[in-house]
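Coordinates as given in start.csv (CSV, C-alpha atoms):
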chain,number,residue,atom,x,y,z
I,279,ALA,CA,83.1,93.5,111.3
I,280,SER,CA,82.7,97.3,112.0
I,281,THR,CA,86.0,98.0,110.2
I,282,GLU,CA,84.6,96.4,107.0
I,283,ARG,CA,81.3,98.4,107.3
I,284,VAL,CA,83.3,101.7,107.7
I,285,GLU,CA,85.4,100.8,104.6
I,286,GLU,CA,82.2,100.0,102.6
I,287,ALA,CA,80.7,103.3,103.6
I,288,ARG,CA,83.9,105.2,102.7
I,289,THR,CA,83.9,103.6,99.3
I,290,GLN,CA,80.3,104.4,98.6
I,291,LEU,CA,80.8,108.0,99.7
I,292,GLU,CA,83.8,108.4,97.5
I,293,GLU,CA,81.7,107.2,94.6
I,294,VAL,CA,79.1,109.8,95.4
I,295,LEU,CA,81.8,112.5,95.2
I,296,ASN,CA,82.9,111.1,91.8
I,297,ILE,CA,79.6,112.2,90.5
I,298,ASP,CA,78.8,115.2,92.7
I,299,PRO,CA,82.1,116.7,93.9
I,300,ALA,CA,80.3,119.4,96.0
I,301,ASN,CA,78.0,117.0,97.9
I,302,LEU,CA,78.0,118.5,101.4
I,303,GLU,CA,76.6,115.3,103.1
I,304,ALA,CA,79.3,113.1,101.5
I,305,HIS,CA,82.1,115.4,102.5
I,306,ALA,CA,80.8,115.7,106.0
I,307,LEU,CA,80.4,111.9,106.5
I,308,LEU,CA,83.8,111.2,105.1
I,309,ALA,CA,85.4,113.8,107.4
I,310,ARG,CA,83.7,112.1,110.3
I,311,ILE,CA,85.0,108.7,109.2
I,312,TYR,CA,88.5,110.0,108.8
I,313,LEU,CA,88.4,111.8,112.1
I,314,PHE,CA,87.6,108.6,114.0
I,315,MET,CA,90.3,106.9,112.1
I,316,GLY,CA,92.8,109.5,113.4
I,317,ASP,CA,93.5,110.8,109.8
I,318,THR,CA,92.9,114.5,110.4
I,319,ASP,CA,94.6,115.5,107.2
I,320,SER,CA,92.1,113.5,105.1
I,321,ALA,CA,89.3,114.8,107.3
I,322,GLY,CA,90.5,118.4,106.7
I,323,LYS,CA,90.6,118.0,102.9
I,324,HIS,CA,86.9,117.1,102.9
I,325,ILE,CA,86.0,119.9,105.4
I,326,SER,CA,87.7,122.4,103.1
I,327,GLN,CA,85.3,121.5,100.3
I,328,ILE,CA,82.2,122.4,102.4
I,329,ASP,CA,80.6,125.9,102.1
I,330,ALA,CA,80.7,127.2,105.6
I,331,THR,CA,77.7,129.5,105.0
I,332,LYS,CA,75.5,126.4,104.6
I,333,VAL,CA,76.3,125.0,108.0
I,334,ASP,CA,74.5,126.2,111.2
I,335,SER,CA,76.2,125.8,114.5
I,336,ALA,CA,72.9,125.1,116.3
I,337,SER,CA,71.7,122.3,114.0
I,338,ASN,CA,75.1,120.9,113.1
I,339,PRO,CA,77.6,121.9,115.7
I,340,SER,CA,80.2,119.2,115.1
I,341,LEU,CA,80.4,120.1,111.4
I,342,LYS,CA,80.6,123.8,112.2
I,343,ALA,CA,83.4,123.2,114.7
I,344,GLN,CA,85.3,121.2,112.1
I,345,ILE,CA,85.1,124.0,109.6
I,346,LEU,CA,86.3,126.5,112.3
I,347,ILE,CA,89.2,124.2,113.2
I,348,GLN,CA,90.1,124.0,109.5
I,349,LYS,CA,90.2,127.8,109.5
I,350,ASP,CA,92.4,127.8,112.6
I,351,TYR,CA,89.8,129.5,114.7
I,352,LEU,CA,90.1,127.3,117.7
I,353,PRO,CA,88.3,129.5,120.3
I,354,GLY,CA,85.2,129.6,118.1
I,355,ALA,CA,85.3,125.8,117.5
I,356,ARG,CA,85.7,125.2,121.2
I,357,ASP,CA,82.8,127.4,122.1
I,358,VAL,CA,80.5,125.6,119.5
I,359,CYS,CA,81.4,122.2,120.9
I,360,ASN,CA,81.1,123.2,124.6
I,361,ALA,CA,77.8,124.9,124.0
I,362,ALA,CA,76.4,121.8,122.2
I,363,VAL,CA,77.6,119.5,125.0
I,364,ALA,CA,76.1,121.8,127.6
I,365,ARG,CA,72.8,121.5,125.7
I,366,GLY,CA,73.0,117.7,126.0
I,367,ASN,CA,73.9,117.0,122.4
I,368,PRO,CA,75.0,113.3,122.4
I,369,ASP,CA,77.1,113.4,119.3
I,370,PRO,CA,80.5,111.7,120.2
I,371,VAL,CA,82.3,113.8,117.5
I,372,LEU,CA,81.9,116.8,119.8
I,373,LEU,CA,84.1,115.2,122.5
I,374,LEU,CA,86.6,114.0,119.9
I,375,LEU,CA,86.8,117.6,118.5
I,376,LEU,CA,87.3,119.1,121.9
I,377,ALA,CA,90.1,116.6,122.5
I,378,ARG,CA,91.7,117.6,119.2
I,379,ILE,CA,91.4,121.3,120.0
I,380,TYR,CA,93.1,120.9,123.4
I,381,ILE,CA,95.8,118.8,121.8
I,382,ILE,CA,96.5,121.6,119.3
I,383,GLU,CA,96.4,124.1,122.2
I,384,LYS,CA,98.9,121.9,124.1
I,385,ASN,CA,96.5,121.3,126.9
I,386,PRO,CA,96.9,117.5,127.3
I,387,GLU,CA,94.9,117.3,130.6
I,388,LEU,CA,91.7,118.6,129.0
I,389,ALA,CA,92.3,116.6,125.9
I,390,GLU,CA,92.6,113.5,128.1
I,391,LYS,CA,89.4,114.4,130.0
I,392,ASN,CA,87.4,114.5,126.7
I,393,LEU,CA,88.9,111.3,125.4
I,394,LEU,CA,88.0,109.5,128.6
I,395,LEU,CA,84.5,110.8,128.4
I,396,LEU,CA,84.3,109.7,124.8
I,397,ALA,CA,85.5,106.1,125.7
I,398,SER,CA,82.9,106.0,128.5
I,399,ALA,CA,80.2,107.1,126.0
I,400,GLN,CA,81.4,104.7,123.3
I,401,PRO,CA,82.6,101.6,125.2
I,402,ASN,CA,82.4,99.3,122.2
I,403,ASN,CA,84.0,101.6,119.7
I,404,ALA,CA,87.4,100.1,119.0
I,405,GLN,CA,88.6,103.3,117.2
I,406,VAL,CA,87.9,105.4,120.2
I,407,TRP,CA,90.0,103.1,122.5
I,408,ARG,CA,92.7,103.2,119.9
I,409,LEU,CA,92.8,107.0,119.8
I,410,LEU,CA,92.9,107.0,123.6
I,411,GLY,CA,95.8,104.5,123.7
I,412,GLU,CA,97.7,106.5,121.0
I,413,PHE,CA,97.2,109.7,123.1
I,414,TYR,CA,98.9,108.1,126.0
I,415,GLN,CA,101.7,106.7,123.8
I,416,ILE,CA,102.5,110.3,122.7
I,417,ASN,CA,102.0,112.0,126.1
I,418,LYS,CA,104.6,110.0,128.0
I,419,ASN,CA,104.2,112.0,131.2
I,420,LEU,CA,100.6,110.8,131.4
I,421,GLN,CA,101.3,107.2,130.8
I,422,THR,CA,101.3,106.0,134.4
I,423,LYS,CA,98.1,107.8,135.0
I,424,GLY,CA,96.7,106.5,131.7
I,425,LEU,CA,97.4,102.9,132.6
I,426,ASN,CA,95.6,103.3,135.9
I,427,LYS,CA,92.7,105.0,134.1
I,428,LEU,CA,92.4,102.2,131.6
I,429,ARG,CA,92.4,99.6,134.4
I,430,GLU,CA,89.5,101.4,136.0
I,431,MET,CA,87.7,101.6,132.7
I,432,ALA,CA,88.2,97.9,131.9
I,433,THR,CA,84.7,97.3,133.3
I,434,ASN,CA,83.3,99.1,130.2
I,435,ASN,CA,85.2,96.9,127.8
I,436,ASP,CA,88.0,94.8,129.2
I,437,VAL,CA,89.4,93.6,125.9
I,438,LEU,CA,89.6,97.1,124.3
I,439,ALA,CA,91.1,98.5,127.5
I,440,ARG,CA,93.8,95.8,127.5
I,441,ILE,CA,94.6,96.5,123.8
I,442,ALA,CA,95.1,100.2,124.6
I,443,MET,CA,97.3,99.3,127.7
I,444,SER,CA,99.3,96.9,125.6
I,445,GLY,CA,100.1,99.7,123.1
I,446,ILE,CA,101.3,101.9,125.9
I,447,TYR,CA,103.6,99.2,127.3
I,448,THR,CA,104.9,98.6,123.7
I,449,SER,CA,105.7,102.3,123.3
I,450,GLN,CA,107.7,102.0,126.5
I,451,GLY,CA,109.7,99.0,125.2
I,452,LYS,CA,108.0,96.8,127.9
I,453,TYR,CA,107.2,94.0,125.6
I,454,ASP,CA,106.7,91.3,128.2
I,455,GLU,CA,104.2,93.5,130.1
I,456,ALA,CA,102.5,94.3,126.8
I,457,MET,CA,102.2,90.6,125.9
I,458,ALA,CA,101.1,89.6,129.4
I,459,VAL,CA,98.1,92.0,129.6
I,460,LEU,CA,96.8,90.4,126.4
I,461,GLU,CA,97.6,86.8,127.1
I,462,GLU,CA,95.6,87.0,130.3
I,463,VAL,CA,92.4,87.0,128.1
I,464,PHE,CA,93.5,85.6,124.7
I,465,PRO,CA,93.1,81.8,125.5
I,466,ALA,CA,89.6,82.3,127.0
I,467,LEU,CA,88.5,84.3,124.0
I,468,LEU,CA,89.8,81.6,121.7
I,469,GLU,CA,87.9,78.9,123.5
I,470,LYS,CA,84.7,80.9,123.5
I,471,LYS,CA,85.2,81.6,119.7
I,472,ASP,CA,84.7,85.3,120.6
I,473,ASP,CA,85.3,87.7,117.6
I,474,GLN,CA,87.4,89.9,119.9
I,475,ALA,CA,90.1,87.1,119.8
I,476,PHE,CA,90.9,88.5,116.4
I,477,ASP,CA,91.4,92.0,117.8
I,478,VAL,CA,93.7,90.7,120.5
I,479,ALA,CA,95.6,88.7,117.9
I,480,ASN,CA,96.2,91.9,115.9
I,481,ALA,CA,97.6,93.5,119.1
I,482,ILE,CA,99.8,90.5,119.8
I,483,ALA,CA,101.0,90.4,116.3
I,484,ARG,CA,102.0,94.2,116.5
I,485,ILE,CA,104.2,93.4,119.5
I,486,HIS,CA,105.9,90.6,117.6
I,487,LEU,CA,106.4,92.8,114.5
I,488,VAL,CA,107.9,95.7,116.6
I,489,ARG,CA,110.5,93.0,117.7
I,490,LYS,CA,110.8,91.9,114.0
I,491,GLN,CA,109.4,88.4,114.9
I,492,ILE,CA,107.4,87.6,111.8
I,493,LEU,CA,106.8,83.9,112.4
I,494,PRO,CA,105.2,84.3,115.8
I,495,ALA,CA,103.0,87.1,114.4
I,496,ARG,CA,101.8,84.8,111.7
I,497,ASP,CA,101.3,81.9,114.1
I,498,VAL,CA,98.9,83.9,116.3
I,499,PHE,CA,96.5,84.3,113.4
I,500,LYS,CA,96.8,80.6,112.7
I,501,LEU,CA,95.5,80.0,116.2
I,502,VAL,CA,92.5,82.3,115.4
I,503,GLU,CA,91.8,80.6,112.1
I,504,ASP,CA,92.0,77.1,113.6
I,505,LYS,CA,89.4,78.1,116.1
I,506,GLY,CA,87.0,79.2,113.3
I,507,ILE,CA,87.1,82.9,114.3
I,508,ARG,CA,86.9,85.4,111.5
I,509,VAL,CA,88.6,82.7,109.4
I,510,ASN,CA,89.0,84.7,106.2
I,511,ASP,CA,90.4,87.7,107.9
I,512,ALA,CA,92.9,85.6,109.8
I,513,ARG,CA,93.9,83.8,106.6
I,514,LEU,CA,94.5,87.1,104.8
I,515,ARG,CA,96.7,88.3,107.7
I,516,GLN,CA,98.8,85.2,107.4
I,517,ILE,CA,99.2,85.8,103.7
I,518,ASP,CA,100.2,89.4,104.3
I,519,LEU,CA,102.8,88.3,106.9
I,520,SER,CA,104.4,85.8,104.5
I,521,TRP,CA,104.3,88.2,101.5
I,522,GLY,CA,106.5,86.9,98.7
I,523,ASP,CA,107.9,84.1,101.0
I,524,PRO,CA,108.9,81.7,99.7
I,525,SER,CA,107.9,83.2,96.3
I,526,VAL,CA,105.5,85.5,94.6
I,527,HIS,CA,103.9,82.5,93.0
I,528,TYR,CA,103.2,81.0,96.4
I,529,THR,CA,101.6,84.2,97.7
I,530,THR,CA,99.5,84.4,94.5
I,531,THR,CA,98.3,80.8,94.9
I,532,GLN,CA,97.4,81.5,98.5
I,533,LEU,CA,95.3,84.5,97.5
I,534,GLN,CA,93.6,82.5,94.8
I,535,GLU,CA,92.7,79.7,97.3
I,536,LEU,CA,91.3,82.3,99.7
I,537,ALA,CA,89.3,83.8,96.8
I,538,LYS,CA,87.6,80.4,96.3
I,539,ARG,CA,86.4,80.4,99.9
I,540,LEU,CA,84.7,83.8,99.7
I,541,THR,CA,81.0,84.2,99.2
I,542,PRO,CA,79.0,87.1,97.8
I,543,THR,CA,78.5,88.4,101.3
I,544,ASP,CA,82.3,88.8,101.6
I,545,GLU,CA,82.5,91.8,99.3
I,546,THR,CA,85.0,93.8,101.3
I,547,MET,CA,87.3,90.8,101.6
I,548,ARG,CA,87.0,90.1,97.9
I,549,SER,CA,88.1,93.6,97.1
I,550,GLN,CA,91.1,93.2,99.4
I,551,VAL,CA,92.1,90.0,97.6
I,552,LEU,CA,91.9,91.7,94.2
I,553,ALA,CA,93.9,94.7,95.5
I,554,ARG,CA,96.7,92.3,96.6
I,555,LEU,CA,96.8,90.5,93.3
I,556,ALA,CA,97.1,93.9,91.7
I,557,ARG,CA,100.0,94.8,94.0
I,558,LEU,CA,101.7,91.6,92.7
I,559,ASN,CA,101.0,92.6,89.1
I,560,LYS,CA,98.9,89.5,88.8
I,561,HIS,CA,96.1,91.0,86.7
I,562,ASP,CA,95.4,87.8,84.7
I,563,GLU,CA,95.0,85.9,87.9
I,564,ALA,CA,92.6,88.6,89.2
I,565,LEU,CA,90.5,88.2,86.1
I,566,TYR,CA,90.4,84.4,86.5
I,567,VAL,CA,89.1,85.0,90.1
I,568,LEU,CA,86.6,87.5,88.9
I,569,ASP,CA,85.3,85.2,86.2
I,570,ASP,CA,84.7,82.5,88.8
I,571,TRP,CA,82.8,84.9,91.0
I,572,ILE,CA,80.7,86.1,88.1
I,573,LYS,CA,79.7,82.5,87.2
I,574,GLU,CA,78.5,82.2,90.8
I,575,SER,CA,76.7,85.6,90.8
I,576,PRO,CA,76.0,86.6,87.2
I,577,LYS,CA,73.8,89.5,88.3
I,578,ASN,CA,76.3,91.2,90.6
I,579,SER,CA,77.2,94.5,88.9
I,580,THR,CA,80.1,95.1,91.3
I,581,LEU,CA,81.9,92.1,89.9
I,582,TYR,CA,81.7,93.5,86.4
I,583,ARG,CA,82.8,96.9,87.7
I,584,TRP,CA,85.9,95.3,89.3
I,585,LYS,CA,86.5,93.4,86.0
I,586,GLY,CA,86.4,96.6,84.1
I,587,GLU,CA,88.9,98.3,86.5
I,588,VAL,CA,91.3,95.4,86.2
I,589,LEU,CA,91.1,95.3,82.4
I,590,GLY,CA,91.7,99.1,82.5
I,591,GLN,CA,94.8,98.6,84.6
I,592,GLN,CA,96.1,96.3,81.8
I,593,GLY,CA,95.4,98.9,79.2
I,594,LYS,CA,92.6,96.7,77.6
I,595,TYR,CA,90.2,99.6,77.3
I,596,MET,CA,87.7,98.0,74.9
I,597,GLU,CA,87.3,95.0,77.1
I,598,SER,CA,87.1,97.3,80.1
I,599,ILE,CA,84.3,99.3,78.3
I,600,ASN,CA,82.4,96.0,77.6
I,601,ALA,CA,82.7,95.0,81.3
I,602,PHE,CA,81.3,98.4,82.5
I,603,ARG,CA,78.5,98.1,80.0
I,604,ASP,CA,77.6,94.7,81.4
I,605,ALA,CA,77.5,96.3,84.9
I,606,ILE,CA,75.3,99.1,83.6
I,607,ARG,CA,72.9,96.6,82.0
I,608,LEU,CA,72.3,95.2,85.5
I,609,GLU,CA,72.1,98.6,87.3
I,610,PRO,CA,71.3,101.2,84.6
I,611,THR,CA,70.7,104.1,87.1
I,612,ARG,CA,73.9,103.6,89.1
I,613,LEU,CA,75.8,106.8,88.4
I,614,GLY,CA,79.2,105.5,89.5
I,615,LEU,CA,79.2,102.8,86.8
I,616,ARG,CA,78.4,105.3,84.1
I,617,ALA,CA,81.2,107.6,85.4
I,618,ARG,CA,83.7,104.7,85.1
I,619,LEU,CA,82.5,104.0,81.6
I,620,VAL,CA,83.1,107.7,80.6
I,621,ALA,CA,86.6,107.4,82.1
I,622,ALA,CA,87.3,104.2,80.1
I,623,HIS,CA,86.2,105.9,76.9
I,624,LEU,CA,88.5,108.8,77.7
I,625,SER,CA,91.4,106.4,78.4
I,626,ASN,CA,90.7,104.9,75.0
I,627,TYR,CA,90.8,108.4,73.4
I,628,ASP,CA,87.2,107.8,72.2
I,629,PHE,CA,85.9,111.3,73.0
I,630,PRO,CA,82.6,111.1,71.0
I,631,ALA,CA,81.7,107.9,73.0
I,632,ALA,CA,82.6,109.6,76.2
I,633,GLU,CA,80.4,112.6,75.3
I,634,THR,CA,77.5,110.3,74.5
I,635,GLU,CA,77.8,108.5,77.9
I,636,LEU,CA,78.0,111.9,79.7
I,637,LEU,CA,74.7,112.8,78.1
I,638,GLU,CA,73.2,109.5,79.1
I,639,LEU,CA,74.5,110.1,82.6
I,640,ALA,CA,73.0,113.5,82.6
I,641,LYS,CA,69.5,112.1,81.8
I,642,ILE,CA,69.6,110.2,85.1
I,643,ASP,CA,70.7,112.9,87.4
I,644,GLU,CA,70.1,116.7,87.3
I,645,LYS,CA,73.4,117.5,88.9
I,646,ALA,CA,75.2,115.2,86.4
I,647,ARG,CA,73.4,117.2,83.6
I,648,MET,CA,75.0,120.3,84.9
I,649,LEU,CA,78.4,118.7,84.9
I,650,ALA,CA,77.9,117.5,81.3
I,651,MET,CA,77.0,121.0,80.2
I,652,ALA,CA,80.1,122.3,81.8
I,653,GLU,CA,82.1,119.9,79.7
As structure tokens, what does this structure read like?
Amino acid sequence: ASTERVEEARTQLEEVLNIDPANLEAHALLARIYLFMGDTDSAGKHISQIDATKVDSASNPSLKAQILIQKDYLPGARDVCNAAVARGNPDPVLLLLLARIYIIEKNPELAEKNLLLLASAQPNNAQVWRLLGEFYQINKNLQTKGLNKLREMATNNDVLARIAMSGIYTSQGKYDEAMAVLEEVFPALLEKKDDQAFDVANAIARIHLVRKQILPARDVFKLVEDKGIRVNDARLRQIDLSWGDPSVHYTTTQLQELAKRLTPTDETMRSQVLARLARLNKHDEALYVLDDWIKESPKNSTLYRWKGEVLGQQGKYMESINAFRDAIRLEPTRLGLRARLVAAHLSNYDFPAAETELLELAKIDEKARMLAMAE
């Protein structure tokens, strides 16, 4: 799913920054990701790390505008975006930035105009429709107009338009209307085994949860799972909605059973299962899961990295170091692995070993050499 690809990209970019904290491209891409997620604070943190003198408004207007917004120079940011749009620049971030600028300037009509243009230009982008729906939820005086607009735009993407409409109705406390607009399409999507059934299930579950109806929220994902649609995602949602019920042991067992169903292609889902076991403080169980996956894929360096991280959480630093070394043997030039090995040595107060690994890391990458010299 696109959400998984975004999360994978975010993780990889964060790894780049672990090695090269000043990497302009990584900061710019992460800012873009967070902007579409609606997390403007995280986007701003990355923008603040970029040297503005290295960004040209003609060749990279969206990044230049973000820098200007971060500096509270909204007129300049607006001019950069409008000029780029007038030149025919198709970057959707420009429209998103214009919407954000007009929201800050308390001009909701122009913000709405740009969000509508963005949804028309990106009809299959669920994050764009979510942002549009959230805009109308906040701007209550535009909700009636917004619902009409979304009905008109349903020809672009009926399901995503309905999910946005449902969010507006929910914000108004009109739960029956919110449910009805989704239930008009949900059965057909289930029968067609359409992946969008999962997205609709998420929206239906949100309505139930607002009303504190846990069991119906869980049941809707069971319907999706039974139809064979995004089975692992649907199963994980059910586990989340029964967290600790009837016991932590039961939740742990459910996560372990899900782990057995996952394949090497389910890397994002695997990381989510491990994260949940960690939340339950079930590190030993996480290690059992990892050992099973490693038996299945003994040449997967990511699994050894995860094992090293879990062992580190337990304070088993020597075992953690060995796991990171196993990962490095498989991918000796992967800088992120060596950086984690350095951190493990430091956690173990083995400063000479950490220095040695820093020098090894520096042999691989010129920028890492500079960091090692700075140490």
Between I:Thr541, I:Gln327, I:Ser449, I:Asn403, which residue has the minimum interatomic distance to Pro299 in chain I, considering only C-alpha atoms?
I:Gln327
Please report the interatomic distance between CA of Lys391 in chain I and CA of Asp317 in chain I in Å with one decimal.
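CA of Asp317 in chain I lies 20.9 Å from CA of Lys391 in chain I.
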Between CA of Gly506 in chain I and CA of Arg408 in chain I, distance in Å (one decimal)
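Between CA of Gly506 in chain I and CA of Arg408 in chain I the gap is 25.5 Å.
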Can you pull out the residues contacting range 522-526 of chain I? Cut-off 12 Å, using all atoms listed in the file, and skip same-chain residues under 3 positions away; I want them as a list in words.
Ile492, Leu493, Gln516, Ile517, Asp518, Leu519, Thr529, Thr530, Thr531, Gln532, Leu533, Arg554, Leu555, Arg557, Leu558, Asn559 and Lys560 of chain I
Include C-alpha atoms and write out the residues we just selected as a short mmCIF file (atom, residue, chain, number, x, y, z; two decimals), keeping the file's coordinate frame.
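Writing done, so here's selection_6.cif:
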data_model
loop_
_atom_site.label_atom_id
_atom_site.label_comp_id
_atom_site.auth_asym_id
_atom_site.auth_seq_id
_atom_site.Cartn_x
_atom_site.Cartn_y
_atom_site.Cartn_z
CA ILE I 492 107.40 87.60 111.80
CA LEU I 493 106.80 83.90 112.40
CA GLN I 516 98.80 85.20 107.40
CA ILE I 517 99.20 85.80 103.70
CA ASP I 518 100.20 89.40 104.30
CA LEU I 519 102.80 88.30 106.90
CA THR I 529 101.60 84.20 97.70
CA THR I 530 99.50 84.40 94.50
CA THR I 531 98.30 80.80 94.90
CA GLN I 532 97.40 81.50 98.50
CA LEU I 533 95.30 84.50 97.50
CA ARG I 554 96.70 92.30 96.60
CA LEU I 555 96.80 90.50 93.30
CA ARG I 557 100.00 94.80 94.00
CA LEU I 558 101.70 91.60 92.70
CA ASN I 559 101.00 92.60 89.10
CA LYS I 560 98.90 89.50 88.80
#
Would you kindly return, as a PyMOL selection string, each protein, DNA or RNA residue with an atom no farther than 8 Å from any atom of Ala631 in chain I, considering all atoms listed in the file and excluding same-chain residues fewer than 4 positions away?
chain I and resi 620+623+635
Hey, can you check how far CA of Arg583 in chain I sits from CA of Ala512 in chain I?
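Separation of CA of Arg583 in chain I and CA of Ala512 in chain I: 26.8 Å.
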Given all atoms listed in the file as the counted atoms, nearest of I:Leu346, I:Ala300, I:Leu615, I:Leu395 to His324 in chain I:
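Of I:Leu346, I:Ala300, I:Leu615, I:Leu395, the one nearest His324 in chain I, counting all atoms listed in the file, is I:Ala300.
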Using only C-alpha atoms, which of the listed residues (I:Asp504, I:Glu638, I:Glu462, I:Asp511) sits closest to Asn480 in chain I?
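Closest residue, counting only C-alpha atoms: I:Asp511.
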Extract, using only C-alpha atoms, all DNA, RNA and protein residues at most 9 Å from range 419-434 of chain I, discarding same-chain residues fewer than 2 positions from it, and format them as a PDB file with C-alpha atoms, in the frame of the given file.
ATOM      1  CA  PRO I 386      96.900 117.500 127.300  1.00  0.00           C
ATOM      2  CA  GLU I 387      94.900 117.300 130.600  1.00  0.00           C
ATOM      3  CA  GLU I 390      92.600 113.500 128.100  1.00  0.00           C
ATOM      4  CA  LEU I 394      88.000 109.500 128.600  1.00  0.00           C
ATOM      5  CA  ALA I 397      85.500 106.100 125.700  1.00  0.00           C
ATOM      6  CA  SER I 398      82.900 106.000 128.500  1.00  0.00           C
ATOM      7  CA  PRO I 401      82.600 101.600 125.200  1.00  0.00           C
ATOM      8  CA  ASN I 402      82.400  99.300 122.200  1.00  0.00           C
ATOM      9  CA  LEU I 410      92.900 107.000 123.600  1.00  0.00           C
ATOM     10  CA  GLY I 411      95.800 104.500 123.700  1.00  0.00           C
ATOM     11  CA  TYR I 414      98.900 108.100 126.000  1.00  0.00           C
ATOM     12  CA  GLN I 415     101.700 106.700 123.800  1.00  0.00           C
ATOM     13  CA  ILE I 416     102.500 110.300 122.700  1.00  0.00           C
ATOM     14  CA  ASN I 417     102.000 112.000 126.100  1.00  0.00           C
ATOM     15  CA  ASP I 436      88.000  94.800 129.200  1.00  0.00           C
ATOM     16  CA  VAL I 437      89.400  93.600 125.900  1.00  0.00           C
ATOM     17  CA  LEU I 438      89.600  97.100 124.300  1.00  0.00           C
ATOM     18  CA  ALA I 439      91.100  98.500 127.500  1.00  0.00           C
ATOM     19  CA  ARG I 440      93.800  95.800 127.500  1.00  0.00           C
ATOM     20  CA  ALA I 442      95.100 100.200 124.600  1.00  0.00           C
ATOM     21  CA  MET I 443      97.300  99.300 127.700  1.00  0.00           C
ATOM     22  CA  ILE I 446     101.300 101.900 125.900  1.00  0.00           C
ATOM     23  CA  TYR I 447     103.600  99.200 127.300  1.00  0.00           C
TER      24      TYR I 447
END
Around the point (88.8, 128.6, 118.6), in the coordinates given by the file, pick out the residues reaching within 12 Å, counting all atoms listed in the file, and return them as a ChimeraX atom specification.
/I:342-360,375-376,378-380,382-383
Find the residue from I:Arg484, I:Lys490, I:Lys505, I:Lys538 that sits nearest to Leu467 in chain I; use all atoms listed in the file when measuring.
I:Lys505
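The shortest atom-to-atom distance to Glu286 in chain I, with all atoms listed in the file taken into account, belongs to I:Met547 out of I:Leu636, I:Met547, I:Ala564, I:Val371.
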Residue with smallest distance to Glu292 in chain I - pool I:Leu308, I:Leu460, I:Gln534, I:Arg603, counting only C-alpha atoms
I:Leu308
Expected residue set, 10 Å radius at (70.9, 126.9, 118.4), all atoms listed in the file, as a PyMOL selection string:
chain I and resi 334-339+358+361-362+365
Can you write just those residues out, C-alpha atoms, as an mmCIF file, in the frame of the given file?
data_model
loop_
_atom_site.group_PDB
_atom_site.id
_atom_site.type_symbol
_atom_site.label_atom_id
_atom_site.label_comp_id
_atom_site.auth_asym_id
_atom_site.auth_seq_id
_atom_site.Cartn_x
_atom_site.Cartn_y
_atom_site.Cartn_z
ATOM 1 C CA ASP I 334 74.500 126.200 111.200
ATOM 2 C CA SER I 335 76.200 125.800 114.500
ATOM 3 C CA ALA I 336 72.900 125.100 116.300
ATOM 4 C CA SER I 337 71.700 122.300 114.000
ATOM 5 C CA ASN I 338 75.100 120.900 113.100
ATOM 6 C CA PRO I 339 77.600 121.900 115.700
ATOM 7 C CA VAL I 358 80.500 125.600 119.500
ATOM 8 C CA ALA I 361 77.800 124.900 124.000
ATOM 9 C CA ALA I 362 76.400 121.800 122.200
ATOM 10 C CA ARG I 365 72.800 121.500 125.700
#
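Residues within 10 Å of Ser575 in chain I, counting only C-alpha atoms and excluding same-chain residues fewer than 6 positions away, are Thr541, Pro542, Asp569 and Leu581 of chain I.
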Which neighbours of Leu624 in chain I fall inside 12 Å, counting only C-alpha atoms, when residues of the same chain fewer than 5 positions from it are skipped, and could you give them as a PyMOL selection string?
chain I and resi 590+595-596+598-599+617-619+629-636
